[in-house]
Amino acid sequence: MSLARRVRDKLRGPGFHLVRRAVLLGRGLLFLGRRYRCPCCGWSLRSFTGPWSILASNPDGYCPRCNAKARHRRLWLFLEERTGLLSADATRLLEVAPWWAMSRRLMGAPNVSFVGLDLQRTGPHVTVVGDATRIPLQSGSVDATLCIHTLEHIEDDRAAMGELHRVLRPGGWAVVSVPLDLDAPTFEDPSITDPEERLRSFGERGHVRAYGLDIRDRLEAAGFSVQLDRAADVPGEVRARFGLRVDENIFFCRKATGG
């Protein structure tokens, strides 16, 4: 565990989230403007920024107000446009490894019953502690699931995909995204365990594979019907306005009504 991670974990306590909210509000005010907008929190911005930067600008970085990444802004727009989640009837939604910027907004949605699954309880947005390969929920007990940049960290990703399918009700849907190379097959090698070698081979120290388009075959083997929503198809003016990246592709997966 890194020193930064150890310090962060020690600082987490009853007042941690209140302090974080205050810091983000102050940073949001510093970045107030009209050029960009974050769909996750609705803030109007002069720029996006680095993860905890105060002044540095980044056109597709973090939202200074809520700390949403480009992938979360892309996801939020997708949820609004393709799923109707926020205007649907009562929906029980599972998010695997929830990101605070997303989950806090989902938890506040009046029609959403939010379930946040993670390996440890890091805040109020984690409501269930458990492993994605053995989700501690009943079969068919949720209406929708989100799994965003998580499968690349899981050694038995097929088991996790199977669990996402199992806990969904028949006709339910899942949104899955991973770092994706559209021009190469999935590369994985279980013998690569050194973090630096994983960085060289898979792009990050915590990744255990680099996905190609054949991830679709794995999702279909788990029982899903799968559609790929390509980031390159998002209009350029939308990407510019919301600080989106051209490599944040989304797999929209459905469980059969009789599944």
# chains A, B, ... in the order shown; residues from 1 in each chain; ligands from 1
$ residues_around --residues "stretch 236-242 of chain A" --least-positions-apart "3" --cutoff "8 Å" --atoms "only C-alpha atoms" --output "list in words"
Arg35, Tyr36, Arg37, Cys38, Pro39, Pro59, Arg73, Arg245 and Val246 of chain A
$ residues_around --residues "A:Leu119" --least-positions-apart "6" --cutoff "12 Å" --atoms "only C-alpha atoms" --output "JSON, numbers by chain"
{"A": [96, 97, 98, 126, 127, 128, 129, 130, 131, 132, 133, 134, 135, 136, 150, 154]}
$ write_last_selection --atoms "C-alpha atoms" --output "mmCIF file, in the first residue's frame"
data_model
loop_
_atom_site.group_PDB
_atom_site.id
_atom_site.type_symbol
_atom_site.label_atom_id
_atom_site.label_comp_id
_atom_site.auth_asym_id
_atom_site.auth_seq_id
_atom_site.Cartn_x
_atom_site.Cartn_y
_atom_site.Cartn_z
ATOM 1 C CA VAL A 96 -19.682 -2.053 -8.196
ATOM 2 C CA ALA A 97 -16.740 -0.141 -6.682
ATOM 3 C CA PRO A 98 -18.791 3.073 -6.521
ATOM 4 C CA VAL A 126 -20.599 1.759 0.129
ATOM 5 C CA THR A 127 -23.685 0.019 1.472
ATOM 6 C CA VAL A 128 -22.607 -3.603 0.982
ATOM 7 C CA VAL A 129 -19.138 -5.031 1.631
ATOM 8 C CA GLY A 130 -18.288 -7.937 -0.618
ATOM 9 C CA ASP A 131 -16.443 -9.335 -3.621
ATOM 10 C CA ALA A 132 -17.694 -8.751 -7.164
ATOM 11 C CA THR A 133 -17.032 -12.415 -7.950
ATOM 12 C CA ARG A 134 -19.394 -13.436 -5.104
ATOM 13 C CA ILE A 135 -21.905 -10.594 -4.797
ATOM 14 C CA PRO A 136 -23.833 -10.994 -1.515
ATOM 15 C CA THR A 150 -13.402 -2.332 -12.394
ATOM 16 C CA ILE A 154 -10.401 -8.522 -11.124
#
$ residues_around --residues "A:Leu30" --least-positions-apart "5" --cutoff "12 Å" --atoms "only C-alpha atoms" --output "PyMOL selection string"
chain A and resi 23-25+43-49+53-57+63-65
$ residues_around --residues "A:His149" --least-positions-apart "4" --cutoff "9 Å" --atoms "only C-alpha atoms" --output "PyMOL selection string"
chain A and resi 71+97+153+176-179
$ write_last_selection --atoms "N, CA and C atoms" --output "CSV table (one decimal), in the first residue's frame"
chain,number,residue,atom,x,y,z
A,71,ARG,N,-14.8,9.7,-17.4
A,71,ARG,CA,-15.6,8.5,-17.6
A,71,ARG,C,-16.9,8.6,-16.9
A,97,ALA,N,-17.8,-1.1,-6.9
A,97,ALA,CA,-16.7,-0.1,-6.7
A,97,ALA,C,-17.2,1.3,-7.0
A,153,HIS,N,-9.4,-4.9,-13.0
A,153,HIS,CA,-8.7,-5.1,-11.7
A,153,HIS,C,-9.0,-6.5,-11.1
A,176,VAL,N,-21.3,-1.4,-18.5
A,176,VAL,CA,-19.9,-1.8,-18.3
A,176,VAL,C,-18.9,-1.0,-19.1
A,177,SER,N,-17.9,-0.5,-18.5
A,177,SER,CA,-16.8,0.1,-19.2
A,177,SER,C,-15.5,-0.3,-18.6
A,178,VAL,N,-14.5,-0.4,-19.5
A,178,VAL,CA,-13.1,-0.7,-19.2
A,178,VAL,C,-12.2,0.1,-20.1
A,179,PRO,N,-10.9,0.2,-19.7
A,179,PRO,CA,-9.9,0.7,-20.7
A,179,PRO,C,-9.9,-0.3,-21.9
$ atom_distance --atom1 "atom CA of A:Cys66" --atom2 "atom CA of A:Thr83"
22.7 Å
$ residues_around --residues "A:Arg82" --least-positions-apart "3" --cutoff "12 Å" --atoms "only C-alpha atoms" --output "MDAnalysis selection string"
chainID A and resid 74:79 85:88 173:175 227 229 250:253
$ select_by_dssp --residues "stretch 17-241 of chain A" --states "strand (DSSP E or B)" --output "PyMOL selection string"
chain A and resi 32-37+44-45+49+62+91-96+112-118+128-129+131+134+142-148+168-177+180-181+187-188+209-212+224-229
$ select_by_dssp --residues "stretch 71-238 of chain A" --states "helix (DSSP H, G or I)" --output "PyMOL selection string"
chain A and resi 71-83+85-87+100-108+151-153+157-167+195-202+215-221+231-233+236-238
$ decode --residues "stretch 30-74 of chain A" --atoms "N, CA and C atoms" --output "mmCIF file, in the first residue's frame"
data_model
loop_
_atom_site.group_PDB
_atom_site.id
_atom_site.type_symbol
_atom_site.label_atom_id
_atom_site.label_comp_id
_atom_site.auth_asym_id
_atom_site.auth_seq_id
_atom_site.Cartn_x
_atom_site.Cartn_y
_atom_site.Cartn_z
ATOM 1 N N LEU A 30 -13.516 28.371 -7.245
ATOM 2 C CA LEU A 30 -12.335 28.877 -7.945
ATOM 3 C C LEU A 30 -12.422 28.622 -9.454
ATOM 4 N N PHE A 31 -13.108 27.553 -9.837
ATOM 5 C CA PHE A 31 -13.193 27.178 -11.246
ATOM 6 C C PHE A 31 -14.526 27.571 -11.882
ATOM 7 N N LEU A 32 -15.309 28.353 -11.203
ATOM 8 C CA LEU A 32 -16.605 28.758 -11.734
ATOM 9 C C LEU A 32 -16.435 29.484 -13.077
ATOM 10 N N GLY A 33 -17.272 29.126 -14.029
ATOM 11 C CA GLY A 33 -17.196 29.730 -15.356
ATOM 12 C C GLY A 33 -18.327 29.231 -16.229
ATOM 13 N N ARG A 34 -18.230 29.490 -17.548
ATOM 14 C CA ARG A 34 -19.321 29.137 -18.460
ATOM 15 C C ARG A 34 -18.887 28.225 -19.607
ATOM 16 N N ARG A 35 -17.620 27.936 -19.718
ATOM 17 C CA ARG A 35 -17.152 27.196 -20.897
ATOM 18 C C ARG A 35 -17.544 25.720 -20.850
ATOM 19 N N TYR A 36 -17.501 25.118 -19.669
ATOM 20 C CA TYR A 36 -17.772 23.692 -19.517
ATOM 21 C C TYR A 36 -18.899 23.478 -18.518
ATOM 22 N N ARG A 37 -19.429 22.252 -18.518
ATOM 23 C CA ARG A 37 -20.394 21.880 -17.500
ATOM 24 C C ARG A 37 -20.194 20.434 -17.108
ATOM 25 N N CYS A 38 -20.335 20.150 -15.828
ATOM 26 C CA CYS A 38 -20.257 18.775 -15.344
ATOM 27 C C CYS A 38 -21.667 18.236 -15.185
ATOM 28 N N PRO A 39 -22.046 17.196 -15.935
ATOM 29 C CA PRO A 39 -23.404 16.669 -15.806
ATOM 30 C C PRO A 39 -23.632 15.924 -14.500
ATOM 31 N N CYS A 40 -22.546 15.509 -13.839
ATOM 32 C CA CYS A 40 -22.701 14.759 -12.582
ATOM 33 C C CYS A 40 -23.167 15.643 -11.437
ATOM 34 N N CYS A 41 -22.741 16.911 -11.438
ATOM 35 C CA CYS A 41 -23.149 17.813 -10.358
ATOM 36 C C CYS A 41 -23.846 19.068 -10.869
ATOM 37 N N GLY A 42 -23.819 19.298 -12.189
ATOM 38 C CA GLY A 42 -24.484 20.450 -12.766
ATOM 39 C C GLY A 42 -23.698 21.741 -12.691
ATOM 40 N N TRP A 43 -22.427 21.686 -12.256
ATOM 41 C CA TRP A 43 -21.625 22.890 -12.060
ATOM 42 C C TRP A 43 -21.153 23.446 -13.397
ATOM 43 N N SER A 44 -21.185 24.763 -13.553
ATOM 44 C CA SER A 44 -20.646 25.432 -14.737
ATOM 45 C C SER A 44 -19.215 25.862 -14.438
ATOM 46 N N LEU A 45 -18.302 25.600 -15.375
ATOM 47 C CA LEU A 45 -16.876 25.676 -15.098
ATOM 48 C C LEU A 45 -16.126 26.461 -16.161
ATOM 49 N N ARG A 46 -15.010 27.032 -15.746
ATOM 50 C CA ARG A 46 -14.080 27.599 -16.719
ATOM 51 C C ARG A 46 -13.134 26.532 -17.240
ATOM 52 N N SER A 47 -12.944 25.436 -16.462
ATOM 53 C CA SER A 47 -12.059 24.355 -16.875
ATOM 54 C C SER A 47 -12.252 23.164 -15.953
ATOM 55 N N PHE A 48 -11.864 21.993 -16.432
ATOM 56 C CA PHE A 48 -11.669 20.847 -15.562
ATOM 57 C C PHE A 48 -10.224 20.896 -15.056
ATOM 58 N N THR A 49 -9.846 19.936 -14.177
ATOM 59 C CA THR A 49 -8.554 20.070 -13.511
ATOM 60 C C THR A 49 -7.953 18.708 -13.209
ATOM 61 N N GLY A 50 -6.825 18.698 -12.480
ATOM 62 C CA GLY A 50 -6.211 17.465 -12.016
ATOM 63 C C GLY A 50 -6.930 16.932 -10.794
ATOM 64 N N PRO A 51 -6.560 15.735 -10.279
ATOM 65 C CA PRO A 51 -7.326 15.092 -9.206
ATOM 66 C C PRO A 51 -7.494 15.940 -7.959
ATOM 67 N N TRP A 52 -6.435 16.595 -7.488
ATOM 68 C CA TRP A 52 -6.559 17.481 -6.326
ATOM 69 C C TRP A 52 -5.855 18.807 -6.586
ATOM 70 N N SER A 53 -5.811 19.202 -7.842
ATOM 71 C CA SER A 53 -5.183 20.462 -8.201
ATOM 72 C C SER A 53 -6.084 21.636 -7.832
ATOM 73 N N ILE A 54 -5.481 22.758 -7.532
ATOM 74 C CA ILE A 54 -6.225 23.967 -7.199
ATOM 75 C C ILE A 54 -6.322 24.914 -8.399
ATOM 76 N N LEU A 55 -5.259 24.977 -9.223
ATOM 77 C CA LEU A 55 -5.235 25.963 -10.292
ATOM 78 C C LEU A 55 -5.059 25.368 -11.694
ATOM 79 N N ALA A 56 -4.418 24.199 -11.795
ATOM 80 C CA ALA A 56 -4.090 23.655 -13.112
ATOM 81 C C ALA A 56 -5.342 23.270 -13.890
ATOM 82 N N SER A 57 -5.353 23.583 -15.189
ATOM 83 C CA SER A 57 -6.480 23.261 -16.057
ATOM 84 C C SER A 57 -6.202 21.984 -16.835
ATOM 85 N N ASN A 58 -7.267 21.244 -17.113
ATOM 86 C CA ASN A 58 -7.181 20.024 -17.898
ATOM 87 C C ASN A 58 -8.518 19.865 -18.611
ATOM 88 N N PRO A 59 -8.540 19.901 -19.951
ATOM 89 C CA PRO A 59 -9.817 19.932 -20.670
ATOM 90 C C PRO A 59 -10.669 18.680 -20.498
ATOM 91 N N ASP A 60 -10.074 17.533 -20.109
ATOM 92 C CA ASP A 60 -10.865 16.324 -19.887
ATOM 93 C C ASP A 60 -10.503 15.666 -18.548
ATOM 94 N N GLY A 61 -10.126 16.502 -17.570
ATOM 95 C CA GLY A 61 -9.717 15.990 -16.264
ATOM 96 C C GLY A 61 -10.888 15.838 -15.299
ATOM 97 N N TYR A 62 -10.599 16.095 -14.033
ATOM 98 C CA TYR A 62 -11.590 15.947 -12.980
ATOM 99 C C TYR A 62 -12.468 17.190 -12.891
ATOM 100 N N CYS A 63 -13.723 16.995 -12.470
ATOM 101 C CA CYS A 63 -14.563 18.148 -12.164
ATOM 102 C C CYS A 63 -14.079 18.756 -10.856
ATOM 103 N N PRO A 64 -13.742 20.039 -10.827
ATOM 104 C CA PRO A 64 -13.253 20.641 -9.591
ATOM 105 C C PRO A 64 -14.311 20.706 -8.496
ATOM 106 N N ARG A 65 -15.587 20.633 -8.860
ATOM 107 C CA ARG A 65 -16.652 20.729 -7.872
ATOM 108 C C ARG A 65 -16.977 19.386 -7.221
ATOM 109 N N CYS A 66 -17.085 18.315 -8.019
ATOM 110 C CA CYS A 66 -17.507 17.025 -7.451
ATOM 111 C C CYS A 66 -16.472 15.922 -7.608
ATOM 112 N N ASN A 67 -15.373 16.208 -8.332
ATOM 113 C CA ASN A 67 -14.274 15.251 -8.541
ATOM 114 C C ASN A 67 -14.631 14.118 -9.510
ATOM 115 N N ALA A 68 -15.691 14.291 -10.303
ATOM 116 C CA ALA A 68 -16.018 13.294 -11.317
ATOM 117 C C ALA A 68 -14.952 13.280 -12.405
ATOM 118 N N LYS A 69 -14.585 12.078 -12.834
ATOM 119 C CA LYS A 69 -13.672 11.927 -13.955
ATOM 120 C C LYS A 69 -14.450 12.014 -15.269
ATOM 121 N N ALA A 70 -13.705 12.078 -16.373
ATOM 122 C CA ALA A 70 -14.349 12.115 -17.685
ATOM 123 C C ALA A 70 -15.232 10.894 -17.892
ATOM 124 N N ARG A 71 -14.801 9.729 -17.406
ATOM 125 C CA ARG A 71 -15.585 8.503 -17.586
ATOM 126 C C ARG A 71 -16.941 8.600 -16.877
ATOM 127 N N HIS A 72 -16.974 9.299 -15.736
ATOM 128 C CA HIS A 72 -18.226 9.424 -14.997
ATOM 129 C C HIS A 72 -19.163 10.425 -15.682
ATOM 130 N N ARG A 73 -18.597 11.475 -16.258
ATOM 131 C CA ARG A 73 -19.436 12.414 -17.006
ATOM 132 C C ARG A 73 -20.028 11.732 -18.239
ATOM 133 N N ARG A 74 -19.214 10.944 -18.901
ATOM 134 C CA ARG A 74 -19.701 10.175 -20.057
ATOM 135 C C ARG A 74 -20.815 9.221 -19.625
#
